[in-house]
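Everything on this sheet refers to the single structure shown next.
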Amino acid sequence: MDEEVKEREEMTLVARKACFGLPTACPSCLPVYIYLKFAQFPFSLDFNLVHPDSDQIPYVESGTYVAYNNEKGGVIEILKEDGIVDLDFEVQTVPEWISTKAMVNSWLADALMYELWVGSDGSSAQKIYYSDLPWPIGKFLYFKQICSTKQLLGITQDNTDRREEEIYRRATIAYGALSTRLGDQAFLFENRPTSLDAVFLGHALCTLQALPETSVLRSKLLEHSNLVRYADKLKREFVEAGSSSSVPLFHADQSASFSRPGGSSHW
């Protein structure tokens, strides 16, 4: 038992840097941070500023245990599968929960990816991913990721306008469905947090705080006042509040370098 407690206390989440008033502004990292906060799981936060294009990030480690983002469906799924942190055991077989999470992980994830890398001037992506790298390297990685994003989203010279319209149409549908599902509840299902809440809250906070005011996606989210209230309330309770758990509160000027061999690019 003592070894188990010790192992829990030594868990470290390695993420991309803090900025835009968030402990990590990376859309892949923030949901993991929030998931661990929801579970009140003790962990420390470290930053990898050396390999921002690694698809291993985020990852958690404790002693010899490591769970990478690019393995077995991501960090949250690995933590669930390994019996370390599972907030979904009561809902993971509910069809509506499954379909809603799939919608968030596809339609909304695609929309945020599009705005970060294709549908904007790239300033938000630059600050999140490569502002700590030398300019030539950062610029090269930025253009490389634009090409990768276009491939992932199926964007070509011939279908750019149509794909953009489709991406925003799906995001509009997703926000509407989530708003209806949430109503005036505190969480999306069973009135308690699940990984669905962690994934959507991470998306919402990145969209509201990291995207510019001219963002189309941000404006579509702002149309749903209950989703905005939900994000603001949970941010205050779980992201900003540090007194109720052993998770330290990190700010943008407290980034620490953490070197780790990088995988392939897939941000």
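Ordering of the structure tokens sets the chain letters (A, B, ...); residue numbers start at 1 within each chain; ligands are numbered from 1 in the order shown.
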*Which residues, written as a PyMOL selection string, have at least one atom at most 8 Å from Asn226 (chain A), with only C-alpha atoms counted and residues fewer than 6 positions away on the same chain left out?*
chain A and resi 179+182-184
*Run DSSP on the backbone of this structure and report the residues of region 10-200 of chain A it assigns to alpha helix (DSSP H), as number ranges by chain.*
A: 29-38, 75-81, 95-103, 109-117, 123-125, 135-153, 160-182, 195-200
Hey, which bits of region 96-179 of chain A sit within 9 Å of region 52-74 of chain A, and for each residue what's the closest pair of atoms and how far apart in Å (one decimal), counting only C-alpha atoms, rows by chain and increasing number, as CSV?
```
residue,atom,partner,partner_atom,distance
A:Ile128,CA,A:Pro52,CA,8.8
A:Tyr129,CA,A:Pro52,CA,5.6
A:Tyr130,CA,A:Pro52,CA,6.5
A:Leu133,CA,A:Pro52,CA,8.9
A:Leu141,CA,A:Asp53,CA,7.5
A:Gln145,CA,A:Asp53,CA,8.5
```
Preceding selection exported with N, CA and C atoms as a tab-separated table (two decimals), in the first residue's frame:
```tsv
chain	number	residue	atom	x	y	z
A	128	ILE	N	2.21	28.49	-28.75
A	128	ILE	CA	2.01	27.22	-28.03
A	128	ILE	C	3.14	26.25	-28.30
A	129	TYR	N	3.57	26.15	-29.56
A	129	TYR	CA	4.42	25.03	-29.96
A	129	TYR	C	5.90	25.37	-30.12
A	130	TYR	N	6.24	26.49	-30.73
A	130	TYR	CA	7.64	26.63	-31.09
A	130	TYR	C	8.25	27.99	-30.81
A	133	LEU	N	11.91	27.80	-29.70
A	133	LEU	CA	12.91	27.26	-30.61
A	133	LEU	C	13.57	28.37	-31.42
A	141	LEU	N	9.27	23.84	-38.83
A	141	LEU	CA	8.30	22.95	-38.21
A	141	LEU	C	6.88	23.46	-38.42
A	145	GLN	N	4.00	21.40	-40.32
A	145	GLN	CA	2.74	21.03	-39.68
A	145	GLN	C	1.52	21.51	-40.46
```
Near region 205-221 of chain A, 12 Å: region 30-90 of chain A residue rows, closest pairs, only C-alpha atoms, as a tab-separated table:
```
residue	atom	partner	partner_atom	distance
A:Leu30	CA	A:Cys206	CA	8.3
A:Pro31	CA	A:Leu205	CA	9.8
A:Ile34	CA	A:Leu205	CA	10.8
```
_So that I can check the secondary structure, give me every residue of region 43-106 of chain A assigned strand (DSSP E) by backbone DSSP, as a list in words._
Ser44, Leu45, Asp46, Phe47, Tyr59, Val60, Glu61, Ser62, Tyr65, Val66, Ala67 and Tyr68 of chain A
For the residues in that selection, give me N, CA, C and O atoms as a CSV table (one decimal), in the first residue's frame.
```csv
chain,number,residue,atom,x,y,z
A,44,SER,N,2.8,16.1,-10.7
A,44,SER,CA,3.5,17.3,-10.9
A,44,SER,C,3.5,17.5,-12.4
A,44,SER,O,3.3,16.6,-13.2
A,45,LEU,N,3.8,18.8,-12.8
A,45,LEU,CA,3.7,19.2,-14.2
A,45,LEU,C,5.1,19.6,-14.7
A,45,LEU,O,5.8,20.4,-14.0
A,46,ASP,N,5.5,19.1,-15.8
A,46,ASP,CA,6.8,19.4,-16.4
A,46,ASP,C,6.6,19.8,-17.9
A,46,ASP,O,5.5,19.4,-18.4
A,47,PHE,N,7.5,20.5,-18.5
A,47,PHE,CA,7.3,20.9,-19.8
A,47,PHE,C,8.4,20.4,-20.7
A,47,PHE,O,9.6,20.4,-20.4
A,59,TYR,N,2.7,13.0,-22.1
A,59,TYR,CA,2.9,11.6,-21.5
A,59,TYR,C,3.0,11.8,-20.0
A,59,TYR,O,3.3,12.9,-19.5
A,60,VAL,N,2.7,10.7,-19.3
A,60,VAL,CA,2.9,10.7,-17.9
A,60,VAL,C,3.9,9.6,-17.5
A,60,VAL,O,4.0,8.6,-18.2
A,61,GLU,N,4.6,9.8,-16.5
A,61,GLU,CA,5.6,8.9,-16.1
A,61,GLU,C,5.7,8.8,-14.6
A,61,GLU,O,5.5,9.8,-13.9
A,62,SER,N,6.0,7.6,-14.1
A,62,SER,CA,6.2,7.4,-12.7
A,62,SER,C,7.1,6.2,-12.5
A,62,SER,O,6.7,5.1,-12.8
A,65,TYR,N,7.2,3.4,-15.2
A,65,TYR,CA,5.9,3.5,-15.9
A,65,TYR,C,5.8,4.7,-16.8
A,65,TYR,O,6.1,5.8,-16.3
A,66,VAL,N,5.5,4.5,-18.1
A,66,VAL,CA,5.3,5.7,-19.0
A,66,VAL,C,4.1,5.4,-19.8
A,66,VAL,O,3.9,4.3,-20.4
A,67,ALA,N,3.3,6.4,-20.0
A,67,ALA,CA,2.1,6.3,-20.9
A,67,ALA,C,2.2,7.5,-21.9
A,67,ALA,O,2.1,8.6,-21.5
A,68,TYR,N,2.4,7.1,-23.2
A,68,TYR,CA,2.6,8.1,-24.2
A,68,TYR,C,1.3,8.5,-25.0
A,68,TYR,O,0.4,7.6,-25.1
```
Restrict the calculation to only C-alpha atoms, then for each residue of region 30-53 of chain A with any atom at most 12 Å from an atom of region 77-97 of chain A give the closest atom pair and their distance in Å to one decimal, rows by chain and rising residue number, as JSON lines.
```
{"residue": "A:Pro31", "atom": "CA", "partner": "A:Glu77", "partner_atom": "CA", "distance": 11.8}
{"residue": "A:Val32", "atom": "CA", "partner": "A:Leu79", "partner_atom": "CA", "distance": 10.0}
{"residue": "A:Ile34", "atom": "CA", "partner": "A:Leu87", "partner_atom": "CA", "distance": 11.8}
{"residue": "A:Tyr35", "atom": "CA", "partner": "A:Leu87", "partner_atom": "CA", "distance": 8.3}
{"residue": "A:Leu36", "atom": "CA", "partner": "A:Val85", "partner_atom": "CA", "distance": 7.7}
{"residue": "A:Lys37", "atom": "CA", "partner": "A:Val85", "partner_atom": "CA", "distance": 10.8}
{"residue": "A:Phe38", "atom": "CA", "partner": "A:Leu87", "partner_atom": "CA", "distance": 8.4}
{"residue": "A:Ala39", "atom": "CA", "partner": "A:Val85", "partner_atom": "CA", "distance": 7.1}
{"residue": "A:Gln40", "atom": "CA", "partner": "A:Val85", "partner_atom": "CA", "distance": 9.7}
{"residue": "A:Phe41", "atom": "CA", "partner": "A:Val85", "partner_atom": "CA", "distance": 7.8}
{"residue": "A:Pro42", "atom": "CA", "partner": "A:Val85", "partner_atom": "CA", "distance": 11.0}
```
*12 Å contact set for Asp110 (chain A), only C-alpha atoms, chain neighbours under 5 positions out, as number ranges by chain*: A: 27, 102-105, 115-119, 149-155, 163-164, 166-171, 174, 203, 217, 267
*If you measure from CA of Leu201 (chain A) to CA of Ala231 (chain A), what distance in Å do you get, rounded to one decimal?*
6.0 Å
_Atomic separation - CA of Thr156 (chain A) relative to CA of Trp135 (chain A), Å_ =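 One can read the CA of Trp135 (chain A) to CA of Thr156 (chain A) distance as 27.5 Å.
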*Nearest to Ala177 (chain A) among A:Asn191, A:Asn159, A:Ser123, A:Thr100, with distances taken over only C-alpha atoms: which residue is it?*
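For Ala177 (chain A), the nearest of the given residues is A:Thr100.
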_I'd like to know which of A:Lys17, A:Lys101, A:Lys144, A:Arg229 is closest to Ala204 (chain A), using only C-alpha atoms._
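When distances to Ala204 (chain A) are compared using only C-alpha atoms, the smallest one comes from A:Arg229.
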